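Student: As input, take data25.csv (CSV, C-alpha atoms and all ligand atoms):
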```csv
chain,number,residue,atom,x,y,z
U,943,MET,CA,-15.0,5.1,-1.6
U,944,GLY,CA,-15.3,7.9,0.9
U,945,PRO,CA,-18.1,8.1,3.5
U,946,GLY,CA,-20.7,9.0,0.8
U,947,PRO,CA,-22.2,9.7,-1.5
U,948,ALA,CA,-21.3,6.3,-2.7
U,949,ASN,CA,-21.4,5.6,-6.4
U,950,ALA,CA,-25.0,5.2,-7.6
U,951,ASP,CA,-26.0,1.9,-9.2
U,952,PRO,CA,-26.5,2.6,-13.0
U,953,ARG,CA,-29.9,1.0,-12.8
U,954,ILE,CA,-30.9,3.7,-10.3
U,955,LEU,CA,-29.5,6.5,-12.5
U,956,ALA,CA,-31.4,5.1,-15.4
U,957,ALA,CA,-34.7,5.0,-13.4
U,958,GLN,CA,-34.0,8.6,-12.4
U,959,SER,CA,-33.8,9.8,-16.0
U,960,LEU,CA,-37.4,8.5,-16.9
U,961,PRO,CA,-40.0,11.1,-17.9
U,962,LEU,CA,-41.7,13.0,-15.1
U,963,LEU,CA,-45.1,12.1,-13.8
U,964,GLY,CA,-47.4,14.6,-12.0
U,965,HIS,CA,-46.7,14.5,-8.3
U,966,MET,CA,-50.4,13.8,-7.5
U,967,HIS,CA,-51.2,11.5,-10.5
U,968,PRO,CA,-52.3,8.0,-9.6
U,969,PRO,CA,-49.4,6.3,-11.4
U,970,PHE,CA,-47.0,8.4,-9.3
U,971,LEU,CA,-48.9,7.8,-6.1
U,972,LYS,CA,-48.5,4.0,-6.8
U,973,ILE,CA,-44.7,4.6,-7.0
U,974,MET,CA,-44.9,6.3,-3.6
U,975,ASP,CA,-46.8,3.3,-2.2
U,976,GLU,CA,-44.2,1.0,-3.5
U,977,VAL,CA,-41.4,3.1,-2.0
U,978,GLN,CA,-43.2,2.8,1.4
U,979,GLN,CA,-43.5,-1.0,0.9
U,980,GLY,CA,-39.8,-1.3,0.1
U,981,LEU,CA,-39.0,0.8,3.2
U,982,ARG,CA,-41.0,-1.6,5.4
U,983,TYR,CA,-38.8,-4.4,4.3
U,984,LEU,CA,-35.6,-2.4,4.7
U,985,PHE,CA,-36.5,-1.2,8.2
U,986,GLN,CA,-38.0,-4.6,9.0
U,987,THR,CA,-41.2,-3.1,10.2
U,988,ASP,CA,-44.9,-3.7,9.7
U,989,SER,CA,-45.6,-0.1,10.5
U,990,LYS,CA,-47.7,1.7,8.0
U,991,TYR,CA,-45.8,4.9,8.7
U,992,THR,CA,-42.9,5.0,6.3
U,993,LEU,CA,-42.0,7.7,3.8
U,994,CYS,CA,-39.1,9.6,2.3
U,995,ALA,CA,-38.6,13.1,3.4
U,996,SER,CA,-37.8,15.5,0.4
U,997,GLY,CA,-34.2,16.3,1.3
U,998,THR,CA,-31.0,14.7,2.5
U,999,GLY,CA,-30.4,12.8,5.7
U,1000,HIS,CA,-30.4,16.1,7.6
U,1001,ALA,CA,-34.1,16.6,6.5
U,1002,GLY,CA,-34.8,13.2,8.1
U,1003,MET,CA,-33.0,14.3,11.3
U,1004,GLU,CA,-34.8,17.6,11.4
U,1005,MET,CA,-38.2,16.0,10.6
U,1006,ALA,CA,-37.8,13.5,13.4
U,1007,ILE,CA,-36.8,16.1,16.0
U,1008,ALA,CA,-39.4,18.8,14.9
U,1009,ASN,CA,-42.2,16.3,15.2
U,1010,LEU,CA,-41.3,14.1,18.1
U,1011,LEU,CA,-40.4,16.9,20.5
U,1012,GLU,CA,-42.4,19.7,21.9
U,1013,PRO,CA,-40.8,22.8,23.4
U,1014,GLY,CA,-39.7,22.2,27.0
U,1015,GLU,CA,-39.5,18.4,26.5
U,1016,THR,CA,-36.2,16.6,27.2
U,1017,ILE,CA,-34.1,14.7,24.7
U,1018,VAL,CA,-31.1,12.7,25.8
U,1019,VAL,CA,-28.6,12.7,22.9
U,1020,GLY,CA,-26.0,9.9,22.7
U,1021,ASN,CA,-23.3,12.0,21.4
U,1022,ASN,CA,-20.1,10.3,20.2
U,1023,GLY,CA,-19.4,12.2,17.0
U,1024,ILE,CA,-20.7,14.9,14.7
U,1025,TRP,CA,-24.2,13.6,14.3
U,1026,GLY,CA,-25.0,13.7,18.0
U,1027,THR,CA,-23.6,17.2,18.1
U,1028,ARG,CA,-25.9,18.3,15.3
U,1029,VAL,CA,-28.9,16.7,17.0
U,1030,CYS,CA,-28.1,18.7,20.2
U,1031,ASP,CA,-28.0,21.9,18.1
U,1032,MET,CA,-31.2,21.1,16.2
U,1033,ALA,CA,-33.2,20.0,19.2
U,1034,GLY,CA,-32.2,23.2,21.0
U,1035,ARG,CA,-33.5,25.2,18.1
U,1036,PHE,CA,-36.9,23.5,18.4
U,1037,GLY,CA,-37.1,24.5,22.1
U,1038,ALA,CA,-36.2,21.1,23.6
U,1039,LYS,CA,-34.2,20.6,26.8
U,1040,VAL,CA,-31.1,18.9,25.6
U,1041,VAL,CA,-29.1,16.5,27.7
U,1042,ASN,CA,-25.8,15.9,25.9
U,1043,LEU,CA,-24.6,12.5,26.9
U,1044,GLN,CA,-21.1,12.8,25.5
U,1045,THR,CA,-18.6,10.0,25.2
U,1046,GLU,CA,-15.1,9.9,23.6
U,1047,ALA,CA,-14.9,9.7,19.8
U,1048,GLY,CA,-14.3,6.1,18.9
U,1049,LYS,CA,-16.5,4.6,21.6
U,1050,SER,CA,-20.2,3.5,21.8
U,1051,PHE,CA,-22.6,3.7,24.7
U,1052,SER,CA,-23.2,0.7,26.9
U,1053,LEU,CA,-26.8,-0.3,27.8
U,1054,ALA,CA,-26.0,0.5,31.4
U,1055,GLU,CA,-24.9,4.1,30.5
U,1056,LEU,CA,-28.0,4.6,28.5
U,1057,THR,CA,-30.3,3.2,31.2
U,1058,ALA,CA,-28.8,5.5,33.8
U,1059,ALA,CA,-29.3,8.6,31.7
U,1060,VAL,CA,-32.8,7.7,30.7
U,1061,GLU,CA,-33.8,6.8,34.3
U,1062,GLN,CA,-32.3,10.0,35.6
U,1063,HIS,CA,-33.8,12.4,33.0
U,1064,LYS,CA,-36.9,10.6,31.9
U,1065,PRO,CA,-36.6,12.1,28.4
U,1066,ALA,CA,-39.4,12.2,25.8
U,1067,VAL,CA,-36.8,11.0,23.3
U,1068,LEU,CA,-33.5,9.1,23.4
U,1069,PHE,CA,-31.3,9.7,20.3
U,1070,LEU,CA,-28.7,7.2,19.1
U,1071,CYS,CA,-26.7,7.0,15.9
U,1072,GLN,CA,-26.3,3.4,14.7
U,1073,GLY,CA,-23.5,4.3,12.4
U,1074,GLU,CA,-21.4,7.3,13.4
U,1075,SER,CA,-19.6,8.1,10.2
U,1076,SER,CA,-17.3,10.7,11.7
U,1077,THR,CA,-15.7,8.0,14.0
U,1078,GLY,CA,-16.6,4.7,12.4
U,1079,VAL,CA,-18.5,3.5,15.5
U,1080,HIS,CA,-21.4,1.0,15.4
U,1081,GLN,CA,-23.9,1.6,18.2
U,1082,SER,CA,-25.5,-1.6,19.4
U,1083,LEU,CA,-29.3,-1.3,20.0
U,1084,ALA,CA,-29.6,-4.5,22.0
U,1085,GLY,CA,-32.0,-4.0,24.9
U,1086,VAL,CA,-32.4,-0.2,24.3
U,1087,GLY,CA,-35.9,-0.3,22.9
U,1088,GLU,CA,-37.2,-2.3,25.8
U,1089,MET,CA,-35.5,0.0,28.3
U,1090,CYS,CA,-37.0,3.1,26.6
U,1091,ARG,CA,-40.5,1.6,26.6
U,1092,LYS,CA,-40.2,1.0,30.4
U,1093,ASN,CA,-39.3,4.6,30.9
U,1094,GLY,CA,-41.9,6.1,28.6
U,1095,THR,CA,-39.2,7.3,26.2
U,1096,LEU,CA,-39.2,7.2,22.4
U,1097,LEU,CA,-36.1,5.7,20.8
U,1098,LEU,CA,-34.9,7.7,17.7
U,1099,VAL,CA,-32.1,6.2,15.6
U,1100,ASP,CA,-30.0,7.8,12.9
U,1101,THR,CA,-29.1,5.1,10.3
U,1102,VAL,CA,-27.9,7.4,7.5
U,1103,CYS,CA,-24.7,5.4,6.8
U,1104,SER,CA,-25.8,2.1,8.2
U,1105,LEU,CA,-29.2,1.2,6.8
U,1106,GLY,CA,-28.8,-1.7,4.3
U,1107,GLY,CA,-25.2,-2.3,5.4
U,1108,VAL,CA,-25.8,-3.7,8.9
U,1109,PRO,CA,-28.8,-5.4,10.5
U,1110,MET,CA,-31.8,-3.3,11.5
U,1111,TYR,CA,-34.9,-4.9,12.9
U,1112,ALA,CA,-37.1,-1.9,13.8
U,1113,ASP,CA,-40.0,-3.8,15.2
U,1114,ALA,CA,-38.1,-6.6,17.0
U,1115,TRP,CA,-35.7,-4.1,18.6
U,1116,GLY,CA,-38.5,-1.7,19.6
U,1117,VAL,CA,-37.1,1.3,17.6
U,1118,ASP,CA,-39.8,4.0,17.5
U,1119,ALA,CA,-38.4,6.3,14.9
U,1120,ILE,CA,-35.6,6.0,12.3
U,1121,TYR,CA,-34.3,8.2,9.5
U,1122,SER,CA,-31.7,7.5,6.9
U,1123,GLY,CA,-30.3,8.9,3.6
U,1124,SER,CA,-30.4,7.7,0.0
U,1125,GLN,CA,-26.8,8.1,-0.9
U,1126,LYS,CA,-25.0,5.6,1.2
U,1127,CYS,CA,-25.8,1.8,1.3
U,1128,LEU,CA,-28.9,2.4,-0.9
U,1129,SER,CA,-26.6,3.5,-3.8
U,1130,ALA,CA,-28.9,6.3,-4.9
U,1131,PRO,CA,-27.9,10.0,-5.3
U,1132,PRO,CA,-28.4,12.2,-2.3
U,1133,GLY,CA,-31.8,13.9,-1.8
U,1134,GLY,CA,-34.1,11.4,-0.2
U,1135,ALA,CA,-34.4,10.7,3.5
U,1136,PRO,CA,-36.2,7.4,4.3
U,1137,LEU,CA,-38.1,7.7,7.6
U,1138,MET,CA,-40.2,5.4,9.8
U,1139,LEU,CA,-42.4,5.9,12.8
U,1140,ASN,CA,-44.1,3.1,14.7
U,1141,ASP,CA,-47.6,3.5,16.3
U,1142,ARG,CA,-46.1,4.8,19.6
U,1143,ALA,CA,-44.2,7.5,17.8
U,1144,LEU,CA,-47.1,8.4,15.6
U,1145,GLN,CA,-49.4,8.8,18.6
U,1146,LYS,CA,-46.9,11.2,20.1
U,1147,VAL,CA,-47.0,13.3,16.9
U,1148,GLN,CA,-50.8,13.2,16.8
U,1149,ASN,CA,-51.3,14.1,20.5
U,1150,ARG,CA,-49.0,17.2,20.3
U,1151,LYS,CA,-50.3,20.2,22.2
U,1152,THR,CA,-48.3,22.6,20.0
U,1153,LYS,CA,-48.0,22.9,16.3
U,1154,VAL,CA,-44.9,21.5,14.6
U,1155,ARG,CA,-42.6,24.5,14.1
U,1156,SER,CA,-41.6,23.6,10.6
U,1157,TYR,CA,-44.3,23.7,7.9
U,1158,TYR,CA,-42.1,21.8,5.3
U,1159,LEU,CA,-41.3,18.9,7.7
U,1160,ASP,CA,-44.7,18.7,9.6
U,1161,LEU,CA,-45.7,15.0,9.6
U,1162,HIS,CA,-49.4,15.9,9.9
U,1163,LEU,CA,-49.0,17.4,6.4
U,1164,VAL,CA,-46.2,15.3,4.8
U,1165,GLY,CA,-47.8,12.1,6.2
U,1166,ASP,CA,-51.0,13.0,4.5
U,1167,TYR,CA,-49.3,13.4,1.1
U,1168,TRP,CA,-47.9,9.9,1.7
U,1169,GLY,CA,-51.3,8.4,2.6
U,1170,TRP,CA,-50.7,7.8,6.3
U,1171,TYR,CA,-54.1,9.0,7.4
U,1172,GLY,CA,-56.4,7.4,4.7
U,1173,SER,CA,-56.5,10.3,2.3
U,1174,ARG,CA,-53.9,12.1,0.1
U,1175,SER,CA,-53.5,15.8,-0.1
U,1176,TYR,CA,-51.0,18.1,-1.7
U,1177,HIS,CA,-48.4,19.5,0.6
U,1178,HIS,CA,-45.3,20.0,-1.4
U,1179,THR,CA,-44.2,18.8,-4.9
U,1180,GLY,CA,-42.8,15.3,-4.3
U,1181,MET,CA,-39.3,14.8,-5.7
U,1182,VAL,CA,-40.5,12.8,-8.7
U,1183,SER,CA,-37.2,11.6,-10.1
U,1184,MET,CA,-35.8,11.0,-6.7
U,1185,TRP,CA,-38.7,8.7,-5.8
U,1186,TYR,CA,-38.1,6.8,-9.1
U,1187,ALA,CA,-34.5,6.4,-7.8
U,1188,LEU,CA,-35.6,5.2,-4.4
U,1189,ARG,CA,-38.1,2.7,-5.8
U,1190,GLU,CA,-35.3,1.2,-8.0
U,1191,ALA,CA,-32.9,1.2,-5.0
U,1192,LEU,CA,-35.4,-0.6,-2.9
U,1193,ALA,CA,-36.1,-3.1,-5.7
U,1194,ILE,CA,-32.4,-3.9,-5.8
U,1195,VAL,CA,-32.3,-4.4,-2.0
U,1196,ALA,CA,-35.2,-6.8,-2.3
U,1197,GLU,CA,-33.6,-8.7,-5.1
U,1198,GLU,CA,-30.4,-9.2,-3.2
U,1199,GLY,CA,-32.1,-9.8,0.1
U,1200,LEU,CA,-31.1,-8.1,3.4
U,1201,ASP,CA,-29.2,-11.1,4.8
U,1202,ALA,CA,-27.1,-11.3,1.7
U,1203,MET,CA,-26.6,-7.6,1.6
U,1204,TRP,CA,-25.4,-7.4,5.3
U,1205,ALA,CA,-23.1,-10.4,4.7
U,1206,ARG,CA,-21.6,-8.7,1.6
U,1207,HIS,CA,-20.8,-5.6,3.6
U,1208,GLU,CA,-19.2,-7.6,6.4
U,1209,ALA,CA,-17.1,-9.6,3.9
U,1210,VAL,CA,-15.6,-6.6,2.2
U,1211,HIS,CA,-14.9,-5.0,5.5
U,1212,LYS,CA,-12.9,-8.1,6.6
U,1213,GLN,CA,-11.1,-8.1,3.2
U,1214,MET,CA,-10.1,-4.5,3.6
U,1215,TRP,CA,-8.8,-4.8,7.1
U,1216,ASP,CA,-6.7,-7.9,6.2
U,1217,GLY,CA,-5.0,-5.7,3.6
U,1218,LEU,CA,-4.7,-2.6,5.8
U,1219,ARG,CA,-3.2,-4.5,8.7
U,1220,SER,CA,-0.7,-6.2,6.4
U,1221,MET,CA,0.6,-2.6,5.8
U,1222,GLY,CA,0.8,-1.9,9.5
U,1223,LEU,CA,-2.4,0.3,9.7
U,1224,GLU,CA,-4.8,0.1,12.6
U,1225,PRO,CA,-8.5,0.8,13.2
U,1226,PHE,CA,-9.3,4.0,15.1
U,1227,VAL,CA,-12.0,2.2,17.0
U,1228,GLU,CA,-10.3,0.1,19.6
U,1229,ASP,CA,-13.2,-2.3,20.5
U,1230,PRO,CA,-13.8,-4.7,17.7
U,1231,ASN,CA,-17.5,-4.9,18.7
U,1232,ASP,CA,-17.9,-1.2,18.1
U,1233,ARG,CA,-16.5,-1.2,14.6
U,1234,LEU,CA,-18.8,-0.1,11.8
U,1235,VAL,CA,-18.4,-2.1,8.6
U,1236,THR,CA,-19.8,0.6,6.3
U,1237,VAL,CA,-17.6,3.5,7.2
U,1238,ASN,CA,-14.1,2.4,8.2
U,1239,THR,CA,-11.8,4.6,10.2
U,1240,ILE,CA,-8.1,4.2,10.1
U,1241,LYS,CA,-5.5,5.9,12.4
U,1242,ALA,CA,-3.6,8.4,10.4
U,1243,ARG,CA,-2.0,10.8,12.8
U,1244,ALA,CA,1.5,10.5,14.1
U,1245,GLY,CA,1.5,9.5,17.7
U,1246,CYS,CA,0.0,6.8,19.9
U,1247,TYR,CA,-3.7,6.0,20.3
U,1248,GLY,CA,-4.7,4.5,23.6
U,1249,ALA,CA,-3.3,1.0,24.0
U,1250,GLY,CA,-2.8,0.6,20.3
U,1251,ARG,CA,0.2,0.7,18.1
U,1252,CYS,CA,1.9,4.1,17.4
U,1253,VAL,CA,1.7,5.6,14.0
U,1254,PRO,CA,5.1,7.1,13.1
U,1255,ALA,CA,5.6,10.7,12.4
U,1256,GLY,CA,5.8,11.8,8.8
U,1257,VAL,CA,2.6,10.2,7.4
U,1258,ASP,CA,0.7,13.0,5.7
U,1259,TRP,CA,-2.9,11.7,5.5
U,1260,ALA,CA,-4.0,14.5,3.0
U,1261,ALA,CA,-1.1,13.7,0.6
U,1262,LEU,CA,-2.2,10.0,0.6
U,1263,CYS,CA,-5.8,11.1,-0.2
U,1264,LYS,CA,-4.6,13.4,-3.0
U,1265,ASN,CA,-2.4,10.7,-4.5
U,1266,ALA,CA,-5.4,8.2,-4.4
U,1267,MET,CA,-7.6,10.6,-6.3
U,1268,ASP,CA,-5.0,11.8,-8.8
U,1269,LYS,CA,-3.5,8.4,-9.6
U,1270,TYR,CA,-6.3,5.9,-8.9
U,1271,ASN,CA,-9.4,8.1,-9.3
U,1272,VAL,CA,-10.5,6.8,-5.9
U,1273,GLU,CA,-11.8,8.8,-3.0
U,1274,ILE,CA,-10.3,8.2,0.4
U,1275,ALA,CA,-11.5,10.7,3.0
U,1276,GLY,CA,-10.0,12.3,6.0
U,1277,GLY,CA,-11.7,12.7,9.4
U,1278,LEU,CA,-14.7,14.8,10.3
U,1279,GLY,CA,-15.6,16.7,13.4
U,1280,PRO,CA,-13.8,15.1,16.4
U,1281,THR,CA,-11.6,13.0,14.1
U,1282,ALA,CA,-10.5,15.8,11.7
U,1283,GLY,CA,-6.8,15.4,10.9
U,1284,LYS,CA,-6.6,12.1,12.9
U,1285,ILE,CA,-7.9,9.4,10.6
U,1286,TRP,CA,-8.7,8.2,7.1
U,1287,ARG,CA,-12.2,7.1,6.3
U,1288,VAL,CA,-13.1,4.5,3.7
U,1289,GLY,CA,-16.8,3.8,2.9
U,1290,LEU,CA,-17.8,0.3,1.8
U,1291,MET,CA,-21.4,1.0,1.0
U,1292,GLY,CA,-24.0,-0.4,-1.3
U,1293,TYR,CA,-22.9,-0.5,-5.0
U,1294,ASN,CA,-19.4,0.2,-3.9
U,1295,ALA,CA,-19.1,-2.7,-1.4
U,1296,LYS,CA,-17.3,-5.0,-3.8
U,1297,PRO,CA,-14.0,-7.0,-3.6
U,1298,ALA,CA,-12.5,-5.2,-6.7
U,1299,ASN,CA,-13.1,-1.8,-5.1
U,1300,VAL,CA,-11.4,-3.0,-2.0
U,1301,GLU,CA,-8.4,-4.0,-4.0
U,1302,LEU,CA,-8.3,-0.6,-5.6
U,1303,VAL,CA,-8.4,1.1,-2.2
U,1304,LEU,CA,-5.6,-1.1,-0.9
U,1305,ALA,CA,-3.5,-0.4,-3.9
U,1306,ALA,CA,-4.0,3.3,-3.3
U,1307,PHE,CA,-3.0,3.0,0.3
U,1308,ARG,CA,0.1,0.8,-0.5
U,1309,ASP,CA,1.3,3.3,-3.1
U,1310,GLY,CA,0.6,6.4,-0.9
U,1311,LEU,CA,2.4,4.8,2.1
U,1312,GLN,CA,5.4,3.8,-0.1
U,1313,GLN,CA,5.7,7.3,-1.4
U,1314,GLN,CA,6.0,8.5,2.1
U,1315,ASN,CA,8.5,5.8,3.0
U,1316,TYR,CA,6.2,4.3,5.6
U,1317,LEU,CA,6.2,1.1,3.6
U,1318,LYS,CA,9.1,-0.3,1.6
U,1319,ALA,CA,8.4,-0.3,-2.2
U,1401,LIG,C1,-21.1,12.4,5.8
U,1401,LIG,O1,-22.0,11.8,6.0
U,1401,LIG,C2,-19.8,12.1,6.3
U,1401,LIG,O2,-19.7,11.2,7.1
U,1401,LIG,O3,-18.8,12.7,5.8
```
Give the structure from the file, written as structure tokens.

Tutor:
Amino acid sequence: MGPGPANADPRILAAQSLPLLGHMHPPFLKIMDEVQQGLRYLFQTDSKYTLCASGTGHAGMEMAIANLLEPGETIVVGNNGIWGTRVCDMAGRFGAKVVNLQTEAGKSFSLAELTAAVEQHKPAVLFLCQGESSTGVHQSLAGVGEMCRKNGTLLLVDTVCSLGGVPMYADAWGVDAIYSGSQKCLSAPPGGAPLMLNDRALQKVQNRKTKVRSYYLDLHLVGDYWGWYGSRSYHHTGMVSMWYALREALAIVAEEGLDAMWARHEAVHKQMWDGLRSMGLEPFVEDPNDRLVTVNTIKARAGCYGAGRCVPAGVDWAALCKNAMDKYNVEIAGGLGPTAGKIWRVGLMGYNAKPANVELVLAAFRDGLQQQNYLKA
């Protein structure tokens, strides 16, 4: 119940244990085609250009940056947590000019702030993180795609901890490129990075003047393995068992349906916050519209946070996490990057997003807080 990996669905683990097929054999290529089809539904896109990068969400991040940017081009990075910071680092390594649009941890960017930055810098790419797992912030994408289009900018969105847990309408929202991870709301093990480009983004890749600096992540080559350009050629050995897992994960998403899946995540988020608030705990993210339902952040450090209530001294967040693991066999995580030492993080993602799991998390919090005399037994 931390920020991921979430527990994998047993159906997915069973699929992953099936005998291996050759990575260029027609029955396996059919599985890859079905993964692409499932991803179109998940991203809500008609784009032909979906695939899974062979690697974790970071491979998706690096694939997007390596392909969408040429040296000397500008990227504006909406940076409100650890993932924006990493994108700044990565884009710099690929020779891009990085504009670090930084805001306080716990806040999202308004359309006005994003418009001002894009109009000023006219970047090739605007990066936003839909679900910032280090802070628990949900970035709204309303109007951003249209604004980017007007300015000749591609919109790249990280959805590692949000895809499948909160709405995403890639085509309707004008999102040009998206990457994600397998181990969060998709309930598969880590190791696959779903990725999507629309026609605009693919044209950018195809019209590059310079070679993509990474061989492994070059979409001219990887895309050809996934059949993007009408043929199929060997680039690297596809992660056979991982694509079985992804295919099963996407089948499960289709069986439940995205609307039902998003509603389930929202419902367990509400259930958990009703319980946490009854113990006197408060969300780290002040604005209710900015709260992410999949990774929930809870104030844990003694002291006052903004206009919110003050957390009394003497609550040891790490002791509470240890007790939860030792006694309840449940993972509650601490902060990450800008929130390290300040918050707890609870993931409500995919297979784990169930009322009984919320009850277990609440029992672990209640017990941990009672042990520290923050709550009366
Ligand atoms: C990893 O994705 C994390 O948020 O800890």

Student: Could you report the residues within 6 Å of ligand LIG 1401 (chain U), using only C-alpha atoms and all ligand atoms, as an NGL selection string?

Tutor: :U and (945 or 1075-1076)

Student: For Phe1051 in chain U, list every protein, DNA or RNA residue within 12 Å, evaluated using all atoms listed in the file, and leave out those in the same chain fewer than 6 positions away; present the list as a list in words.

Tutor: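 The residues that qualify are Val1019, Gly1020, Asn1021, Asn1022, Gly1023, Leu1043, Gln1044, Thr1045, Thr1057, Ala1058, Ala1059, Phe1069, Leu1070, Cys1071, Gln1072, Glu1074, Val1079, His1080, Gln1081, Ser1082, Leu1083, Ala1084, Val1086, Asp1229, Asn1231 and Asp1232 of chain U.
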
Student: With only C-alpha atoms as the basis for distance, which of U:Pro1230, U:Tyr1121, U:Tyr1293, U:Ser1104 is at the shortest distance from Pro952 in chain U?

Tutor: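 Closest to Pro952 in chain U, using only C-alpha atoms: U:Tyr1293.
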
Student: Would you list the contacts of His965 in chain U as a PyMOL selection string, taking every protein, DNA or RNA residue within 12 Å and counting all atoms listed in the file, but skipping same-chain residues closer than 5 positions in sequence?

Tutor: chain U and resi 970-974+1167-1168+1174-1186

Student: When you count all atoms listed in the file, which of these residues is closest to Met1003 in chain U: U:Val1099, U:Ala1038, U:Ala1130, U:Leu1311?

Tutor: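 For Met1003 in chain U, the nearest of the given residues is U:Val1099.
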
Student: Pick out the residues sitting within 6 Å of range 1236-1241 of chain U, and hand them over as a PDB file with C-alpha atoms, in the coordinates of the input; count only C-alpha atoms, and ignore anything fewer than 6 positions along from it in its own chain.

Tutor:
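Printed below is part37.pdb as written:
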```pdb
ATOM      1  CA  PRO U 945     -18.100   8.100   3.500  1.00  0.00           C
ATOM      2  CA  SER U1075     -19.600   8.100  10.200  1.00  0.00           C
ATOM      3  CA  GLY U1078     -16.600   4.700  12.400  1.00  0.00           C
ATOM      4  CA  GLU U1224      -4.800   0.100  12.600  1.00  0.00           C
ATOM      5  CA  PRO U1225      -8.500   0.800  13.200  1.00  0.00           C
ATOM      6  CA  PHE U1226      -9.300   4.000  15.100  1.00  0.00           C
ATOM      7  CA  ILE U1285      -7.900   9.400  10.600  1.00  0.00           C
ATOM      8  CA  TRP U1286      -8.700   8.200   7.100  1.00  0.00           C
ATOM      9  CA  ARG U1287     -12.200   7.100   6.300  1.00  0.00           C
ATOM     10  CA  VAL U1288     -13.100   4.500   3.700  1.00  0.00           C
ATOM     11  CA  GLY U1289     -16.800   3.800   2.900  1.00  0.00           C
ATOM     12  CA  LEU U1290     -17.800   0.300   1.800  1.00  0.00           C
ATOM     13  CA  MET U1291     -21.400   1.000   1.000  1.00  0.00           C
TER      14      MET U1291
END
```

Student: Per residue of range 1130-1224 of chain U within 12 Å of range 979-999 of chain U, record the nearest atom pair and its distance in Å to one decimal, counting all atoms listed in the file, with rows in chain order and ascending residue number, as a Markdown table.

Tutor:
```
| residue | atom | partner | partner_atom | distance |
| --- | --- | --- | --- | --- |
| U:Ala1130 | CA | U:Thr998 | CA | 11.4 |
| U:Pro1131 | CA | U:Thr998 | CA | 9.6 |
| U:Pro1132 | CA | U:Thr998 | CA | 6.0 |
| U:Gly1133 | CA | U:Thr998 | CA | 4.4 |
| U:Gly1134 | CA | U:Gly997 | CA | 5.1 |
| U:Ala1135 | CA | U:Ala995 | CA | 4.8 |
| U:Pro1136 | CA | U:Cys994 | CA | 4.2 |
| U:Leu1137 | CA | U:Leu993 | CA | 5.4 |
| U:Met1138 | CA | U:Thr992 | CA | 4.4 |
| U:Leu1139 | CA | U:Tyr991 | CA | 5.4 |
| U:Asn1140 | CA | U:Ser989 | CA | 5.5 |
| U:Asp1141 | CA | U:Ser989 | CA | 7.1 |
| U:Arg1142 | CA | U:Ser989 | CA | 10.3 |
| U:Ala1143 | CA | U:Tyr991 | CA | 9.6 |
| U:Leu1144 | CA | U:Tyr991 | CA | 7.8 |
| U:Gln1145 | CA | U:Tyr991 | CA | 11.2 |
| U:Val1147 | CA | U:Tyr991 | CA | 11.8 |
| U:Tyr1158 | CA | U:Ser996 | CA | 9.1 |
| U:Leu1159 | CA | U:Ala995 | CA | 7.7 |
| U:Asp1160 | CA | U:Ala995 | CA | 10.3 |
| U:Leu1161 | CA | U:Ala995 | CA | 9.6 |
| U:His1162 | CA | U:Tyr991 | CA | 11.6 |
| U:Leu1163 | CA | U:Ala995 | CA | 11.6 |
| U:Val1164 | CA | U:Ala995 | CA | 8.0 |
| U:Gly1165 | CA | U:Leu993 | CA | 7.7 |
| U:Asp1166 | CA | U:Leu993 | CA | 10.5 |
| U:Tyr1167 | CA | U:Leu993 | CA | 9.6 |
| U:Trp1168 | CA | U:Leu993 | CA | 6.6 |
| U:Gly1169 | CA | U:Tyr991 | CA | 8.9 |
| U:Trp1170 | CA | U:Tyr991 | CA | 6.2 |
| U:Tyr1171 | CA | U:Tyr991 | CA | 9.3 |
| U:Gly1172 | CA | U:Lys990 | CA | 10.9 |
| U:His1177 | CA | U:Ser996 | CA | 11.3 |
| U:His1178 | CA | U:Ser996 | CA | 8.9 |
| U:Thr1179 | CA | U:Ser996 | CA | 8.9 |
| U:Gly1180 | CA | U:Ser996 | CA | 6.9 |
| U:Met1181 | CA | U:Ser996 | CA | 6.3 |
| U:Val1182 | CA | U:Ser996 | CA | 9.9 |
| U:Ser1183 | CA | U:Ser996 | CA | 11.2 |
| U:Met1184 | CA | U:Ser996 | CA | 8.6 |
| U:Trp1185 | CA | U:Cys994 | CA | 8.2 |
| U:Tyr1186 | CA | U:Cys994 | CA | 11.8 |
| U:Ala1187 | CA | U:Cys994 | CA | 11.6 |
| U:Leu1188 | CA | U:Cys994 | CA | 8.7 |
| U:Arg1189 | CA | U:Gly980 | CA | 7.3 |
| U:Glu1190 | CA | U:Gly980 | CA | 9.6 |
| U:Ala1191 | CA | U:Gly980 | CA | 8.9 |
| U:Leu1192 | CA | U:Gly980 | CA | 5.4 |
| U:Ala1193 | CA | U:Gly980 | CA | 7.1 |
| U:Ile1194 | CA | U:Gly980 | CA | 9.8 |
| U:Val1195 | CA | U:Leu984 | CA | 7.7 |
| U:Ala1196 | CA | U:Gly980 | CA | 7.6 |
| U:Glu1197 | CA | U:Gly980 | CA | 11.0 |
| U:Glu1198 | CA | U:Leu984 | CA | 11.6 |
| U:Gly1199 | CA | U:Leu984 | CA | 9.4 |
| U:Leu1200 | CA | U:Leu984 | CA | 7.4 |
| U:Asp1201 | CA | U:Leu984 | CA | 10.8 |
| U:Met1203 | CA | U:Leu984 | CA | 10.8 |
| U:Trp1204 | CA | U:Leu984 | CA | 11.4 |
```

Student: Excluding same-chain residues fewer than 6 positions from Thr1016 in chain U, what lies within 9 Å of it counting all atoms listed in the file, as a VMD selection string?

Tutor: chain U and resid 1038 to 1041 1063 to 1068

Student: Point out the residue among U:Lys1284, U:Arg1308, U:His1211, U:Arg1035 with the least atom-to-atom distance to Gly1048 in chain U, counting only C-alpha atoms.

Tutor: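 Of U:Lys1284, U:Arg1308, U:His1211, U:Arg1035, the one nearest Gly1048 in chain U, counting only C-alpha atoms, is U:Lys1284.
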